[in-house]
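Asks: The structure's right below; bear with me while I get my questions together.
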Amino acid sequence: MNYDFDKLIDRNGTNSYKWDFVRRDGKIIPWDETDSSIHDRPVLPLWVADMDFLCAQPIIDAVNEIAKTGIYGYSVPPPSYYDAVVGWMHRRHNWIIKKNTICIAPGVVPALHLIVSAYTNPGDRVLIQTPVYYPFYDIAEQTGTQVTFNPLCYTNNQYQMNFDDLSQKCADPSVKLAILCSPHNPVGRVWSREELKTFGRICIDNNVLVVSDEIHGDLILGENKFVPYATLGPEYEDLSIICTSPSKTFNLAGLQASNIIIHNSKLRKKFQSALRSVGIFTLNSFGIASVEAACNYGEEWLDQLVSYLNDNLRFLINFFHERLPEVSVTKTEGSYLVWVDFRGLGLDKEALEKIIMDDARVYLNQGYIFGSEGEGFERINIACPRSILTEALERIETSVKAYLKQNPNT
């Protein structure tokens, strides 16, 4: 069937994190600034990784079937759930996994917290590649570990790994674990096989466990190819934990289901023990149904989605190139989160935030929350109808030009 990604969906009053709440000083606060029934010029939220599109119809149908039963007791994933996940990985990524390597968890971020707790001790160090998804910082803080930074290198609107620095950092025996963001959030890189092998070789040689967050692995743009880390070879597979979920692919985050794939049986048993230690034994019935339906019947929707995202990305790139050339768009190879460089405007972070949030009334993720390397950047969520993206960009253009006119010496 054909899906209409231009359709506007009113999400106000649905307890939507993206539309009904704002994040301030680490707190989530209810607000009404996006509500068009209250404000003549409501805030347009293009921040949190949440799409403004209806789910694939087979997923809606599967969830509705569960809802119609009227009984929402404990559920356990059936064998067909694991068959669906195995089939998806094989068809989409040429990755052959065994059903017994799949561990279920209520989301990738909770799983990452448990993983770091299970495989490190307080005072150990966890390596991350900045600027990076900001919950990674929270994980270290909450687990009592220390962070080792391996900053990415930014040249010609694209990021690269700094392997010399990585080698030096991994040689520290206190570095026990490295979180690989693949594809990388927020910088949009889809790492090549060669890059991943070099990264992995350094970690293997230093006995550093690789935890690969591959939650955006289905959302690959252009001609880029996603390489699951575990497909690099037996050595890489054996010293790694792969975090996957259809939550970003199919916008199912609210149903809280993820699949953590661990080939090494000793590592897998340790993670399963960590799950039991906090009382996690299964998934909710809606999460189970949605994952199985997505993996079995969601490809038609996903292919149309990716085509739409490619068009939105081209639109955004052309918009800035033609109408705000001081702003450059980082080469985006994967995900619907685009990393945009506003440093050419010569503004500090407070002025940039005021222009975008207060004047333009567009809610983006400020780059500095992903690490100091992100200051002057903004992360823009393009998984929305074109009309919303257009209005948001036009508001930003108007507000930036007005500010620069009033402050010509900026």
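Labels used: A, B, ... for chains in the order of the structure tokens, numbers from 1 for residues in each chain, and numbers from 1 for ligands as shown.
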Hey, what's within 12 Å of Asp359 of chain A if we count only C-alpha atoms and toss same-chain stuff fewer than 6 positions away? As a ChimeraX atom specification, please?
Replies: /A:41-44,351-353,392,395-403
Asks: So which residues of segment 94-305 of chain A fall under alpha helix (DSSP H) by DSSP, listed as a count of residues only?
Replies: 84
Asks: Compare A:Gly70, A:Pro246, A:Pro77, A:Pro228 by their minimum atom-to-atom distance to Ser192 of chain A, counting only C-alpha atoms, and give me the closest one.
Replies: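 Comparing A:Gly70, A:Pro246, A:Pro77, A:Pro228 against Ser192 of chain A, the winner is A:Pro228.
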Asks: Determine, for each residue of segment 187-273 of chain A having at least one atom at most 6 Å from an atom of segment 97-120 of chain A, the closest pair of atoms and their separation in Å to one decimal, counting only C-alpha atoms; order by chain and ascending number, as a tab-separated table.
Replies:
```
residue	atom	partner	partner_atom	distance
A:Gln256	CA	A:Pro106	CA	4.6
A:Ala257	CA	A:Pro106	CA	4.6
A:Ser258	CA	A:Gly107	CA	4.8
A:Asn259	CA	A:Ile104	CA	4.8
A:Ile260	CA	A:Cys103	CA	5.0
A:Ile261	CA	A:Ile102	CA	4.7
A:Ile262	CA	A:Thr101	CA	5.2
A:His263	CA	A:Thr101	CA	5.5
```
Asks: Pick out the closest residue to Val291 of chain A from this set: A:Gly217, A:Gly73, A:Pro58, A:Pro45. Count only C-alpha atoms.
Replies: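 Smallest distance to Val291 of chain A is found for A:Pro58.
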Asks: Counting only C-alpha atoms, which residue out of A:Ser182, A:Gln57, A:Asn407, A:Gln129 sits closest to Lys225 of chain A?
Replies: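 Checking each of A:Ser182, A:Gln57, A:Asn407, A:Gln129 against Lys225 of chain A, counting only C-alpha atoms, the winner is A:Ser182.
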Asks: Tell me which protein, DNA and RNA residues are within 9 Å of Gly334 of chain A, counting only C-alpha atoms, leaving out same-chain ones fewer than 5 positions away, and put them as a list in words.
Replies: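 Here the qualifying residues turn out to be Pro183, His184, Asn185, Gly188, Arg189, Val190, His216, Gly217, Asp218, Leu219, Ile220, Leu221, Gly222, Asn224 and Phe226 of chain A.
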Asks: Quick one: residues within 9 Å of Leu313 of chain A, only C-alpha atoms, excluding same-chain residues fewer than 2 positions away - as a list in words?
Replies: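 In the requested format, the answer is Tyr308, Leu309, Asn310, Asp311, Phe315, Leu316, Ile317, Asn318, Thr332, Tyr336, Val338 and Ile382 of chain A.
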Asks: Mind the document's chain letters and residue numbers, and return as a list of chain:residue names the residues of segment 262-363 of chain A that DSSP labels strand (DSSP E or B).
Replies: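 Listing strand (DSSP E or B) positions across segment 262-363 of chain A yields A:Ser328, A:Val329, A:Gly334, A:Leu337, A:Val338, A:Trp339, A:Val340, A:Asp341, A:Val362, A:Tyr363.
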Asks: For Ile28 of chain A, find every residue with an atom within 12 Å (counting only C-alpha atoms), except residues of its own chain fewer than 3 positions away, and show them as a list in words.
Replies: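 Final neighbour list, sorted by chain and number: Asn15, Ser16, Tyr17, Lys18, Trp19, Asp20, Phe21, Val22, Arg23, Arg24, Asp25 and Trp31 of chain A.
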Asks: Do you know which residues are at most 10 Å from Asn409 of chain A counting only C-alpha atoms, after dropping those on the same chain fewer than 4 positions away, and could you put them as a PyMOL selection string?
Replies: chain A and resi 346+404-405
Asks: Keeping N, CA and C atoms for every residue in the selection just given, could you write it to a file as a CSV table (one decimal), in the first residue's frame?
Replies:
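Contents of the output file out-v5.csv:
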```csv
chain,number,residue,atom,x,y,z
A,346,GLY,N,28.6,33.1,13.7
A,346,GLY,CA,29.4,33.8,14.7
A,346,GLY,C,28.7,34.1,16.0
A,404,LEU,N,20.8,39.2,12.5
A,404,LEU,CA,22.0,39.7,11.9
A,404,LEU,C,21.8,41.2,11.4
A,405,LYS,N,20.6,41.5,11.0
A,405,LYS,CA,20.4,42.9,10.6
A,405,LYS,C,20.5,43.9,11.8
```
Asks: Please measure the separation of atom CA of Tyr133 of chain A and atom CA of Gly233 of chain A, giving the value in Å to one decimal.
Replies: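 Straight-line distance from atom CA of Tyr133 of chain A to atom CA of Gly233 of chain A works out to 26.8 Å.
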